[in-house]
Every structure is written in structure tokens, then in C-alpha cells.
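Asker: Got a structure for you, final.pdb, holding PDB, C-alpha atoms and all ligand atoms.
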```pdb
ATOM      1  CA  MET N   1     -89.807  68.646   3.142
ATOM      2  CA  LYS N   2     -88.483  71.718   1.433
ATOM      3  CA  ASP N   3     -85.846  72.465  -1.136
ATOM      4  CA  ILE N   4     -83.079  74.879  -0.245
ATOM      5  CA  GLN N   5     -81.082  76.667  -2.922
ATOM      6  CA  ILE N   6     -77.607  77.789  -1.979
ATOM      7  CA  THR N   7     -76.117  80.413  -4.240
ATOM      8  CA  VAL N   8     -72.511  81.516  -4.562
ATOM      9  CA  PRO N   9     -72.079  85.283  -4.901
ATOM     10  CA  VAL N  10     -69.487  86.082  -7.552
ATOM     11  CA  THR N  11     -68.703  89.490  -9.041
ATOM     12  CA  GLU N  12     -66.658  89.626 -12.225
ATOM     13  CA  TYR N  13     -64.142  92.445 -12.587
ATOM     14  CA  ALA N  14     -61.816  93.588 -15.300
ATOM     15  CA  TYR N  15     -58.330  94.205 -13.907
ATOM     16  CA  GLY N  16     -58.791  97.969 -14.334
ATOM     17  CA  GLU N  17     -61.933  97.926 -12.211
ATOM     18  CA  LEU N  18     -60.105  96.647  -9.122
ATOM     19  CA  THR N  19     -58.832  98.838  -6.305
ATOM     20  CA  ASP N  20     -55.086  99.449  -6.009
ATOM     21  CA  ALA N  21     -54.940  97.007  -3.078
ATOM     22  CA  GLN N  22     -56.739  94.302  -5.057
ATOM     23  CA  ARG N  23     -54.516  94.854  -8.093
ATOM     24  CA  GLY N  24     -51.433  94.561  -5.890
ATOM     25  CA  LEU N  25     -52.574  91.206  -4.584
ATOM     26  CA  VAL N  26     -53.515  89.972  -8.063
ATOM     27  CA  ASP N  27     -50.091  91.031  -9.386
ATOM     28  CA  LEU N  28     -48.346  89.080  -6.621
ATOM     29  CA  ALA N  29     -50.435  85.954  -7.184
ATOM     30  CA  ARG N  30     -49.577  86.109 -10.889
ATOM     31  CA  GLN N  31     -45.897  86.707 -10.113
ATOM     32  CA  TYR N  32     -45.772  83.753  -7.736
ATOM     33  CA  THR N  33     -46.929  81.337 -10.426
ATOM     34  CA  PHE N  34     -43.292  81.641 -11.514
ATOM     35  CA  ASN N  35     -42.199  80.279  -8.108
ATOM     36  CA  SER N  36     -44.229  77.121  -8.637
ATOM     37  CA  TYR N  37     -42.300  73.845  -8.572
ATOM     38  CA  SER N  38     -44.532  71.715 -10.756
ATOM     39  CA  PRO N  39     -42.437  69.418 -12.978
ATOM     40  CA  TYR N  40     -45.134  66.719 -12.841
ATOM     41  CA  SER N  41     -48.344  68.582 -13.623
ATOM     42  CA  HIS N  42     -46.786  71.613 -15.364
ATOM     43  CA  PHE N  43     -49.644  73.593 -13.813
ATOM     44  CA  SER N  44     -48.318  76.628 -11.957
ATOM     45  CA  VAL N  45     -50.359  78.271  -9.234
ATOM     46  CA  GLY N  46     -49.596  81.357  -7.156
ATOM     47  CA  ALA N  47     -51.410  82.765  -4.139
ATOM     48  CA  ALA N  48     -51.064  86.005  -2.189
ATOM     49  CA  ILE N  49     -52.653  86.697   1.192
ATOM     50  CA  ARG N  50     -52.999  90.143   2.739
ATOM     51  CA  LEU N  51     -52.936  90.185   6.537
ATOM     52  CA  ASP N  52     -54.331  92.768   8.938
ATOM     53  CA  ASN N  53     -50.784  93.637  10.067
ATOM     54  CA  GLY N  54     -50.034  94.997   6.585
ATOM     55  CA  GLU N  55     -47.927  92.028   5.520
ATOM     56  CA  VAL N  56     -48.573  90.049   2.340
ATOM     57  CA  VAL N  57     -47.581  86.381   2.347
ATOM     58  CA  CYS N  58     -47.338  84.495  -0.935
ATOM     59  CA  GLY N  59     -47.126  80.872  -1.949
ATOM     60  CA  ALA N  60     -46.815  78.631  -4.970
ATOM     61  CA  ASN N  61     -47.596  74.970  -5.528
ATOM     62  CA  GLN N  62     -44.734  72.624  -4.684
ATOM     63  CA  GLU N  63     -44.868  69.129  -6.130
ATOM     64  CA  ASN N  64     -43.082  65.919  -5.209
ATOM     65  CA  ALA N  65     -42.183  62.657  -6.937
ATOM     66  CA  ALA N  66     -44.487  61.088  -4.348
ATOM     67  CA  PHE N  67     -47.514  62.989  -5.611
ATOM     68  CA  PRO N  68     -49.540  63.347  -2.400
ATOM     69  CA  SER N  69     -46.541  64.917  -0.680
ATOM     70  CA  GLY N  70     -46.874  68.073  -2.734
ATOM     71  CA  THR N  71     -48.943  71.055  -1.716
ATOM     72  CA  CYS N  72     -51.130  73.599  -3.436
ATOM     73  CA  ALA N  73     -50.288  77.287  -3.679
ATOM     74  CA  GLU N  74     -53.113  78.282  -1.342
ATOM     75  CA  ARG N  75     -51.979  76.005   1.461
ATOM     76  CA  SER N  76     -48.352  76.940   0.833
ATOM     77  CA  ALA N  77     -49.398  80.583   1.393
ATOM     78  CA  CYS N  78     -51.823  80.167   4.285
ATOM     79  CA  TYR N  79     -49.590  77.862   6.320
ATOM     80  CA  SER N  80     -46.644  80.162   5.702
ATOM     81  CA  ALA N  81     -48.755  83.127   6.893
ATOM     82  CA  GLY N  82     -49.796  81.176   9.985
ATOM     83  CA  ALA N  83     -46.206  80.204  10.743
ATOM     84  CA  ARG N  84     -44.661  83.626  10.127
ATOM     85  CA  PHE N  85     -47.363  85.813  11.660
ATOM     86  CA  PRO N  86     -49.312  83.778  14.192
ATOM     87  CA  GLY N  87     -52.472  85.575  15.254
ATOM     88  CA  ALA N  88     -52.541  87.952  12.268
ATOM     89  CA  LYS N  89     -55.939  87.964  10.620
ATOM     90  CA  PHE N  90     -56.396  87.257   6.928
ATOM     91  CA  GLU N  91     -58.008  90.105   4.959
ATOM     92  CA  SER N  92     -57.885  88.957   1.357
ATOM     93  CA  ILE N  93     -56.443  86.230  -0.867
ATOM     94  CA  ALA N  94     -55.739  86.197  -4.606
ATOM     95  CA  ILE N  95     -55.087  83.019  -6.607
ATOM     96  CA  ALA N  96     -53.706  82.820 -10.155
ATOM     97  CA  ALA N  97     -52.502  80.037 -12.423
ATOM     98  CA  ARG N  98     -50.619  79.282 -15.618
ATOM     99  CA  GLY N  99     -51.566  76.172 -17.569
ATOM    100  CA  VAL N 100     -49.431  73.465 -19.137
ATOM    101  CA  ASP N 101     -48.763  75.840 -22.055
ATOM    102  CA  GLY N 102     -47.190  78.270 -19.611
ATOM    103  CA  GLU N 103     -49.861  80.877 -20.295
ATOM    104  CA  PRO N 104     -52.253  82.393 -17.729
ATOM    105  CA  THR N 105     -55.400  80.314 -17.492
ATOM    106  CA  VAL N 106     -58.387  81.892 -19.214
ATOM    107  CA  ALA N 107     -60.706  80.621 -16.481
ATOM    108  CA  PRO N 108     -60.246  82.178 -13.047
ATOM    109  CA  CYS N 109     -58.327  79.683 -10.907
ATOM    110  CA  ALA N 110     -60.520  78.248  -8.144
ATOM    111  CA  PRO N 111     -59.033  76.441  -5.132
ATOM    112  CA  CYS N 112     -59.404  72.702  -4.668
ATOM    113  CA  GLY N 113     -61.676  71.413  -1.924
ATOM    114  CA  ALA N 114     -58.866  70.782   0.552
ATOM    115  CA  CYS N 115     -57.595  74.341   0.124
ATOM    116  CA  ARG N 116     -61.100  75.745   0.630
ATOM    117  CA  GLN N 117     -61.265  73.888   3.926
ATOM    118  CA  ALA N 118     -57.774  75.074   4.932
ATOM    119  CA  LEU N 119     -58.559  78.690   4.073
ATOM    120  CA  LEU N 120     -61.854  78.532   5.928
ATOM    121  CA  GLU N 121     -59.971  77.796   9.143
ATOM    122  CA  TYR N 122     -58.205  81.157   8.841
ATOM    123  CA  GLU N 123     -61.434  82.968   8.036
ATOM    124  CA  VAL N 124     -62.982  81.543  11.213
ATOM    125  CA  LEU N 125     -59.853  82.615  13.138
ATOM    126  CA  ALA N 126     -60.086  86.115  11.643
ATOM    127  CA  GLY N 127     -63.657  86.457  12.861
ATOM    128  CA  HIS N 128     -64.697  88.245   9.690
ATOM    129  CA  ASP N 129     -65.084  87.569   5.978
ATOM    130  CA  VAL N 130     -61.907  87.111   3.936
ATOM    131  CA  GLU N 131     -62.192  88.392   0.367
ATOM    132  CA  VAL N 132     -61.280  85.893  -2.362
ATOM    133  CA  LEU N 133     -59.983  86.982  -5.772
ATOM    134  CA  LEU N 134     -59.837  84.252  -8.423
ATOM    135  CA  VAL N 135     -57.640  85.457 -11.232
ATOM    136  CA  GLY N 136     -58.214  84.605 -14.871
ATOM    137  CA  ARG N 137     -56.404  85.888 -17.952
ATOM    138  CA  ASP N 138     -58.907  88.639 -18.668
ATOM    139  CA  VAL N 139     -61.256  88.722 -15.698
ATOM    140  CA  ILE N 140     -61.117  88.395 -11.929
ATOM    141  CA  TYR N 141     -63.889  86.773  -9.909
ATOM    142  CA  ARG N 142     -64.436  88.305  -6.481
ATOM    143  CA  LEU N 143     -66.175  86.349  -3.740
ATOM    144  CA  PRO N 144     -66.919  88.107  -0.458
ATOM    145  CA  SER N 145     -65.714  85.273   1.760
ATOM    146  CA  VAL N 146     -64.126  81.842   1.905
ATOM    147  CA  LYS N 147     -67.334  80.362   3.281
ATOM    148  CA  SER N 148     -69.119  81.426   0.095
ATOM    149  CA  LEU N 149     -66.666  79.113  -1.724
ATOM    150  CA  LEU N 150     -67.491  76.237   0.599
ATOM    151  CA  PRO N 151     -71.207  76.038   1.322
ATOM    152  CA  LEU N 152     -72.303  73.626   4.067
ATOM    153  CA  ALA N 153     -68.782  73.704   5.447
ATOM    154  CA  PHE N 154     -67.541  71.682   8.370
ATOM    155  CA  THR N 155     -66.150  74.162  10.870
ATOM    156  CA  GLU N 156     -66.010  72.522  14.272
ATOM    157  CA  ILE N 157     -66.053  69.230  16.091
ATOM    158  CA  ASN N 158     -69.333  68.787  17.890
TER     159      ASN N 158
HETATM  160  N1  LIG H 201     -53.063  73.244  -7.430
HETATM  161  C1  LIG H 201     -52.929  74.347  -6.638
HETATM  162  O1  LIG H 201     -51.826  74.793  -6.312
HETATM  163  N2  LIG H 201     -54.074  74.954  -6.209
HETATM  164  C2  LIG H 201     -55.334  74.509  -6.502
HETATM  165  O2  LIG H 201     -56.291  75.023  -5.958
HETATM  166  C3  LIG H 201     -55.515  73.437  -7.455
HETATM  167  C4  LIG H 201     -54.311  72.689  -7.847
HETATM  168  C5  LIG H 201     -51.835  72.597  -7.858
HETATM  169  C6  LIG H 201     -51.635  71.225  -7.269
HETATM  170  C7  LIG H 201     -50.750  70.574  -8.310
HETATM  171  O3  LIG H 201     -49.404  70.936  -8.032
HETATM  172  C8  LIG H 201     -51.172  71.228  -9.606
HETATM  173  O4  LIG H 201     -51.869  72.415  -9.248
HETATM  174  C9  LIG H 201     -52.073  70.360 -10.471
HETATM  175  O5  LIG H 201     -53.153  69.912  -9.778
END
```
Re-express the file's structure as C-alpha cells.

Answerer:
Amino acid sequence: MKDIQITVPVTEYAYGELTDAQRGLVDLARQYTFNSYSPYSHFSVGAAIRLDNGEVVCGANQENAAFPSGTCAERSACYSAGARFPGAKFESIAIAARGVDGEPTVAPCAPCGACRQALLEYEVLAGHDVEVLLVGRDVIYRLPSVKSLLPLAFTEIN
């Protein structure tokens, strides 16, 4: 028997420490929180995905009176990217949120488990790591890949 420790690599950045490309994606994720349709939770999430063809595809959470019929911002963005640009590889994703008070969340917004699994599919398709930027009010967490967000992931049917 042996214990195995799995660590998640996270680097914290101030907005000003990001590259221009990263700042652009963060700005779009923040902007798209205003496209959220969330009359039930009042929690507004935006996501922006940069593709290897130069396009950026954004999404926002869309809720429904039948709660499970809604979708998160990350899946709104990644399925839109897949539908609009089939075959394009994901390079980077930024995720931002505003809380029930309408203000940007202090804590960097981390995707739910289902969105981690959905995003992982596109990282596997890309064949390389996809950078993840989790946006908080004052700091941004950078993870080098989606798989670092989802240790011990299920990736194929055996
Ligand atoms: N939500 C997202 O859009 N992304 C996440 O990763 C977590 C949660 C949305 C779903 C729902 O519309 C609202 O936030 C509250 O859970």
C-alpha cells in the first residue's frame, strides 16, 4: 500500500501581471457575465474560449424554470465553440462571475464538476494543455490545463 498525493498547480496573478492575450480573455469573460440569464439563482457567469484559429467564443449561464434544463457558462461557451468551429483546438479559457449582489465575486470562479468534464473533452481533442484562467475580483488563478482541474478524470470508455 502507498499513499499518493495529487496536487493542483495554481498560480495567482494580479490583472496587470497577465499578458495582453490573457487580459483580453479575462475582459470578455467578465463582460459576458452581463449576458447571463439567471433570474433564479441571480448568479451570473461568463466564459471566453480562445481557439487556435484566432476566434474567441464566449458563453454565459442560461437558466430555466425547470432548473436542470439550464446550462453553465462554460458549457454554453464550449458547445458553442464546438458547433461554430468544429475541429478548432481550444487554447485557453477564462471564467468570471458576479454574485447575487451583482458584484464580481471575490473568489476566483471555478467550474462545476460537469463543466470540468465537458471542458476536458475539448482538451483531449486539442491534443495539448488548455490554459484555464479563473477570474476573481482582485486576482486571477491560472491553471496550466483542464486536467489539472479534474484529477483522476474519466477520459475514455474501456
Ligand atoms: N454556474 C455556471 O455557469 N458555471 C459554474 O461553473 C458554476 C455554476 C451557473 C449555473 C447556475 O445558472 C448558476 O451558476 C448558479 O449555480

Asker: Compile the contact shell of range 39-45 of chain N as number ranges by chain: residues with an atom at most 10 Å away, counting only C-alpha atoms, same-chain residues fewer than 3 positions apart removed.

Answerer: N: 29-36, 59-65, 67, 72-74, 95-105, 109, 111

Asker: Please provide the set of residues having any atom within 12 Å of Ser145 in chain N, restricted to all atoms listed in the file, with same-chain residues fewer than 4 positions apart removed, written as a PyMOL selection string.

Answerer: chain N and resi 8-11+90-94+116+119-124+126-134+141+149-151

Asker: Please evaluate the PyMOL selection byres (((chain N and resi 53) around 9) and not hetatm) against the structure above and give the resulting residues as an mmCIF file with C-alpha atoms, keeping the file's coordinate frame.

Answerer:
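Dumped to expr_6.cif:
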```
data_model
loop_
_atom_site.group_PDB
_atom_site.id
_atom_site.type_symbol
_atom_site.label_atom_id
_atom_site.label_comp_id
_atom_site.auth_asym_id
_atom_site.auth_seq_id
_atom_site.Cartn_x
_atom_site.Cartn_y
_atom_site.Cartn_z
ATOM 1 C CA ARG N 50 -52.999 90.143 2.739
ATOM 2 C CA LEU N 51 -52.936 90.185 6.537
ATOM 3 C CA ASP N 52 -54.331 92.768 8.938
ATOM 4 C CA GLY N 54 -50.034 94.997 6.585
ATOM 5 C CA GLU N 55 -47.927 92.028 5.520
ATOM 6 C CA VAL N 56 -48.573 90.049 2.340
ATOM 7 C CA PHE N 85 -47.363 85.813 11.660
ATOM 8 C CA ALA N 88 -52.541 87.952 12.268
ATOM 9 C CA LYS N 89 -55.939 87.964 10.620
#
```

Asker: Find the distance between CA of Glu156 in chain N and CA of Pro108 in chain N and write it in Å to one decimal.

Answerer: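 Between CA of Glu156 in chain N and CA of Pro108 in chain N the gap is 29.5 Å.
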
Asker: Counting all atoms listed in the file, figure out which residue out of N:Pro86, N:Gly70, N:Gly16, N:Gly136 gets nearest to ligand LIG 201 (chain H).

Answerer: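 Checking each candidate against ligand LIG 201 (chain H), we get N:Gly70 as the closest.
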
Asker: Nearest to ligand LIG 201 (chain H) among N:Ala47, N:Leu125, N:Ala153, N:Ala66, with distances taken over all atoms listed in the file: which residue is it?

Answerer: N:Ala47

Asker: So for range 114-126 of chain N, what box centre and size do we get, axis-aligned, 5 Å extra on each of the six sides, every listed atom, Å to one decimal, as AutoDock Vina command-line options?

Answerer:
```
--center_x -60.3 --center_y 78.4 --center_z 6.6 --size_x 15.4 --size_y 25.3 --size_z 23.0
```

Asker: What separation in Å, quoted to one decimal, exists between CA of Gly87 in chain N and CA of Phe154 in chain N?

Answerer: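 Those two atoms sit 21.6 Å apart.
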
Asker: With all heavy atoms as the target, complete range 60-71 of chain N and hand it back as a compact mmCIF listing (two decimals), in the frame of the given file.

Answerer:
```txt
# COMPACT_ATOMS: atom_id res chain seq x y z
N ALA N 60 -46.73 79.24 -3.64
CA ALA N 60 -46.82 78.63 -4.97
C ALA N 60 -46.86 77.12 -4.78
O ALA N 60 -46.30 76.61 -3.80
CB ALA N 60 -45.61 79.03 -5.81
N ASN N 61 -47.51 76.43 -5.69
CA ASN N 61 -47.60 74.97 -5.53
C ASN N 61 -46.22 74.33 -5.63
O ASN N 61 -45.37 74.74 -6.43
CB ASN N 61 -48.61 74.33 -6.50
CG ASN N 61 -48.33 74.59 -7.95
OD1 ASN N 61 -47.85 75.64 -8.33
ND2 ASN N 61 -48.64 73.61 -8.79
N GLN N 62 -46.01 73.33 -4.79
CA GLN N 62 -44.73 72.62 -4.68
C GLN N 62 -45.02 71.13 -4.80
O GLN N 62 -45.69 70.56 -3.93
CB GLN N 62 -44.07 72.92 -3.33
CG GLN N 62 -43.85 74.41 -3.07
CD GLN N 62 -42.85 75.04 -4.01
OE1 GLN N 62 -41.78 74.47 -4.26
NE2 GLN N 62 -43.17 76.22 -4.57
N GLU N 63 -44.54 70.54 -5.87
CA GLU N 63 -44.87 69.13 -6.13
C GLU N 63 -43.74 68.21 -5.66
O GLU N 63 -42.66 68.65 -5.26
CB GLU N 63 -45.18 68.94 -7.61
CG GLU N 63 -46.40 69.76 -8.01
CD GLU N 63 -46.85 69.55 -9.45
OE1 GLU N 63 -46.10 68.93 -10.24
OE2 GLU N 63 -47.96 70.00 -9.78
N ASN N 64 -44.03 66.92 -5.70
CA ASN N 64 -43.08 65.92 -5.21
C ASN N 64 -43.24 64.66 -6.04
O ASN N 64 -44.35 64.35 -6.50
CB ASN N 64 -43.39 65.63 -3.72
CG ASN N 64 -42.29 64.82 -3.07
OD1 ASN N 64 -42.24 63.60 -3.19
ND2 ASN N 64 -41.39 65.50 -2.39
N ALA N 65 -42.13 63.92 -6.19
CA ALA N 65 -42.18 62.66 -6.94
C ALA N 65 -43.22 61.72 -6.33
O ALA N 65 -43.87 60.95 -7.06
CB ALA N 65 -40.81 62.00 -6.94
N ALA N 66 -43.38 61.80 -5.01
CA ALA N 66 -44.49 61.09 -4.35
C ALA N 66 -45.67 62.07 -4.35
O ALA N 66 -45.73 62.97 -3.51
CB ALA N 66 -44.09 60.71 -2.93
N PHE N 67 -46.53 61.94 -5.31
CA PHE N 67 -47.51 62.99 -5.61
C PHE N 67 -48.25 63.58 -4.40
O PHE N 67 -48.37 64.79 -4.30
CB PHE N 67 -48.54 62.49 -6.63
CG PHE N 67 -47.96 62.24 -8.00
CD1 PHE N 67 -48.43 61.21 -8.79
CD2 PHE N 67 -46.93 63.04 -8.50
CE1 PHE N 67 -47.88 60.97 -10.05
CE2 PHE N 67 -46.37 62.82 -9.75
CZ PHE N 67 -46.85 61.77 -10.53
N PRO N 68 -48.75 62.73 -3.49
CA PRO N 68 -49.54 63.35 -2.40
C PRO N 68 -48.71 64.21 -1.46
O PRO N 68 -49.26 64.94 -0.65
CB PRO N 68 -50.11 62.14 -1.63
CG PRO N 68 -49.84 60.95 -2.49
CD PRO N 68 -48.68 61.29 -3.36
N SER N 69 -47.39 64.13 -1.57
CA SER N 69 -46.54 64.92 -0.68
C SER N 69 -46.42 66.37 -1.11
O SER N 69 -45.87 67.19 -0.37
CB SER N 69 -45.14 64.30 -0.61
OG SER N 69 -45.21 62.98 -0.14
N GLY N 70 -46.91 66.69 -2.29
CA GLY N 70 -46.87 68.07 -2.73
C GLY N 70 -47.94 68.90 -2.04
O GLY N 70 -48.76 68.39 -1.28
N THR N 71 -47.89 70.21 -2.28
CA THR N 71 -48.94 71.06 -1.72
C THR N 71 -49.35 72.13 -2.71
O THR N 71 -48.56 72.54 -3.57
CB THR N 71 -48.51 71.68 -0.37
OG1 THR N 71 -49.67 72.23 0.26
CG2 THR N 71 -47.49 72.77 -0.55
```
